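Data first, discussion second: the structure below is written as structure tokens.
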Amino acid sequence: MTSKYTVHVVLVVLLSLLFTLSNYAFMYAADINATITAGVFVPQKPLNLAVAIGDRSVDLSWSQPFSNGGSLITDYIVEYKLTSGGVWVEFPGVVSANTFASVTSLSNDTQYSFRVSAVNDIGQGPASDEVSATPGSPAQVLVTGFSDLTFPSIIAGVLITNEGAVQYEYQYTWCVTSSDSNLCGGGDDIFNASAAKLILPGENWGTNLSSTIVGAGNYWFHVQVQFGSDSSYASQSFTAVAQSGGSGGGGGSSSGSRSRASSCVGGDINKDKAVNLVDFSIFLLSWGKEAPFTNPCVDINRDGKVTVVDFSILLTQWGKKPAIFKGI
Amino acid sequence: MMSFKYTLSVGLVCTLFILCTVTQVHAAQVTFKVVSNIVQNDTATIVEAYLDPEGSSLNAIEGVIALSGTGVEYISSVNIETGGSAFSLWPQDPVYSKDDKVIRFTGGSTEGVVEEGLLFRMRLFSQEQGDITLSWIGGSAYVSDGQGTPEGISSRSLSIALAQSEPNQISKSSPDSKPPYFEALEVSRDTDVYEGKYFISFHANDDISGVARYEVVEGQITTEVSNGIYVLQDQGRTSKVVVIAYDHAGNSASVKVPTKYGLFFEAFIAGALLLLILTLLLWRKMRR
């Protein structure tokens with residue numbers, strides 16, 4: 001009798017325990033369900049993190065994540081570390097949903113890694129893919145012209161400016177190739193050389209660079225100045241001529257087209273006393289071509305080629321009364 | 001002692017003077033920046049190139065931008081949009097050469113660019129994740145002085161950890177709902193070009209995605225045109241000719257080309273016909 005009573009009591013206790021547990025389970029499930037319905041999470045990782053280097057600094061830019069997690073992104077956290085080791089350090093910045101930032105107070109010629117993560121009301125999302133960069137004092141490089149274009153060696157004038165605030169030793173490379181897109185060291189250099197120069201901040205350092213070429217003809221001169229993990233580039237095409245002068249490879253216009261061109265007035269190619277879209281369309285027909293031209297007026301500066309220089313002169317007279325190019 | 005102090009002071013003044021008079025050679029600046037996609041499902045990596053004339057007025061620019069890095073092999077396409085650019089005329093549209101891995105272009109502005117403005121927008125599509133670098137490797141800008149004076153360009157490369165993207169999703173998701181607009185259309189004839197035939201020159205602009213192509217509908221014939229020039233088939237110029245400009249999002253705008261008689265004459269004929277019909281109707285009503 002007592003044992004029967006005990007069994008009943010145990011059964012009742014077990015049943016009530018089961019009931020309570022199942023209740024909790026349902027409540028918990030309902031909670032999960034509520035969370036899923038609300039659908040608010042941390043944002044996904046930002047995409048396409050990009051870096052441009054500066055003097056002891058870098059500029060970062062990136063794209064928003066595919067998903068903000070259901071809540072607006074309120075901030076991005078930028079972190080950096082030495083690529084060779086070290087721990088991620090958050091770069092302090094103002095709270096902003098802008099997708100760009102500058103990281104300053106870095107050391108030149110030291111490689112850093114960078115990553116960015118998005119923040120919303122729920123919290124901080126995963127970090128973007130890393131990018132690495134080595135800051136350096138940016139250089140501006142210009143090809144100022146050619147002082148000698150006689151085969152077998154040509155001399156190009158180059159100007160390098162230190163745009164940073166500290167003196168910097170620049171490694172620079174120059175080469176001659178057959179195309180505008182073939183950079184120095186691309187394996188098809190006709191000539192290649194390199195040197196280094198310490199330049200003061202703000203200084204314009206000019207130099208003449210000599211290159212040896214294989215024969216008369218059309219070439220591209222390229223110069224590359226390295227700073228940190230970046231480089232500045234400049235290039236210019238040239239036509240090398242044979243030493244004797246002779247017939248010249250420069251590509252001057254024929255005398256026939258020259259005499260006809262003498263009646264041309266600036267950008268007024270169709271001679272209707274106005275410079276407009278009609279002139280532009282005739283101009284386009286000869287774009288990139290060399291003399292002789294069907295309409296010699298397309299060669300506004302009369303250098304035997306229709307290039308961006310002619311285009312620039314045409315544009316200055318656009319919608320105005322045409323004027324003879326004074327440089328002739 | 002006094003003389004040493006004096007020499008030191010003069011030396012300091014001279015050094016300061018030299019430092020102050022060191023001026024940078026003037027150059028315009030091209031910068032690159034990754035920007036966010038405006039539309040959901042748009043997976044393209046968008047990079048904008050800007051030109052800062054740094055105080056000059058520039059009316060033409062030519063350049064070569066190289067794409068390099070381990071991820072460059074994964075790039076399936078680079079679509080370039082000139083919508084909203086500071087330059088509106090493009091003798092050489094910015095186009096990506098997959099063989100050379102460079103973008104070449106020549107652009108112009110009739111008014112001259114005097115402050116920082118968009119050059120163009122690049123939409124990069126990559127089959128895989130990878131690192132790429134965009135570098136300005138050559139080119140010049142030209143001052144609006146009528147002399148074709150070149151101005152150097154300084155630029156810093158942009159290295160990107162490129163995400164994977166799917167080109168198919170992009171065309172439908174463009175946020176551009178604004179149609180292009182025509183800036184000029186001229187009918188002309190020149191003895192030196194097109195065998196002296198009549199041709200039309202036209203130019204449209206689009207602020208968002210840029211003009212993609214033109215169509216010329218002459219009578220029953222539709223011709224796709226890319227460069228804004230079309231030689232008329234009907235040299236009598238009596239056929240109806242309509243030019244349609246499409247932007248990259250598929251929006252379009254059209255403009256009617258005046259016939260030999262001009263738009264005023266056409267309007268006059270239409271008005272006269274309408275008047276004739278009205279007179280006939282009135283006459284019939286009066287007869288009843």
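Ordering of the structure tokens sets the chain letters (A, B, ...), residue numbers begin anew at 1 in every chain, and ligands are numbered from 1 in the order given.
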
- 7 Å contacts from chain A to chain B using only C-alpha atoms, as a PyMOL selection string: chain A and resi 47-52+61-64+129+131+140+142+161+181+202-204+230+232-235+270+277-278+281+284+294-295+308-310+312-313+315-316+318+327

- Task: Pick out the residues sitting within 7 Å of A:Glu290, and hand them over as a ChimeraX atom specification; count only C-alpha atoms, and ignore anything fewer than 4 positions along from it in its own chain.
- Result: /A:304-306

Next, write the just-selected residues to a file, as a tab-separated table (two decimals), in the first residue's frame, keeping C-alpha atoms as the atom set.
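Result written to part-v6.tsv:
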chain	number	residue	atom	x	y	z
A	304	GLY	CA	51.74	66.68	-88.52
A	305	LYS	CA	49.62	64.73	-86.00
A	306	VAL	CA	46.08	65.00	-84.65

- Excluding stretch 83-94 of chain A and residues on its chain fewer than 4 positions from it, collect all residues at most 12 Å away from it, counting only C-alpha atoms, and give them as an MDAnalysis selection string. chainID A and resid 57:58 60 74:79 98 100:106 110:117 127 130:134

- Task: Select, from B:Gly250, B:Pro258, B:Gly271, B:Pro179, the residue with the minimum atom-to-atom distance to B:Glu218, counting only C-alpha atoms.
- Result: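 Among the listed residues, B:Pro258 lies closest to B:Glu218.
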
- Message: According to DSSP computed on the backbone, where in stretch 20-136 of chain A is there strand (DSSP E or B)? Give the residues as a count of residues only.
- Response: 44

- Query: Which neighbours of A:Ala195 fall inside 12 Å, counting only C-alpha atoms, when residues of the same chain fewer than 5 positions from it are skipped, and could you give them as a PyMOL selection string?
  - Reply: chain A and resi 169-175+207+209+223-226

- Message: Which residues are near A:Gln317? Cut-off 8 Å, only C-alpha atoms, ignore same chain within fewer than 4 positions. Put them as a list in words.
- Response: Gly266, Gly267, Val275, Ile313, Lys321, Pro322 and Ala323 of chain A; Gly146 of chain B

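Closest to A:Ile155 among A:Gln124, A:Ser210, A:Ser137, A:Gln236 is A:Ser210, based on only C-alpha atoms.
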
- Task: Find the residues around B:Gly55 up to 9 Å (only C-alpha atoms counted), leave out those fewer than 6 positions away in its own chain, and share them as a list in words.
- Result: Ala28, Val114 and Glu115 of chain B

Please, could you write that set of residues out with N, CA and C atoms as a CSV table (one decimal), in the first residue's frame?
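Generated output (result-v1.csv):
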chain,number,residue,atom,x,y,z
B,28,ALA,N,48.5,68.7,-61.8
B,28,ALA,CA,47.1,68.3,-61.4
B,28,ALA,C,47.2,67.0,-60.7
B,114,VAL,N,37.9,73.5,-63.4
B,114,VAL,CA,38.6,74.4,-62.5
B,114,VAL,C,38.6,73.9,-61.0
B,115,GLU,N,37.8,72.9,-60.7
B,115,GLU,CA,37.8,72.4,-59.4
B,115,GLU,C,37.7,70.9,-59.5

- Could you give me, as a PyMOL selection string, the residues within 9 Å of B:Tyr181, counting only C-alpha atoms and dropping anything in the same chain fewer than 2 positions from it? chain B and resi 179+183+203-207+245+252-254
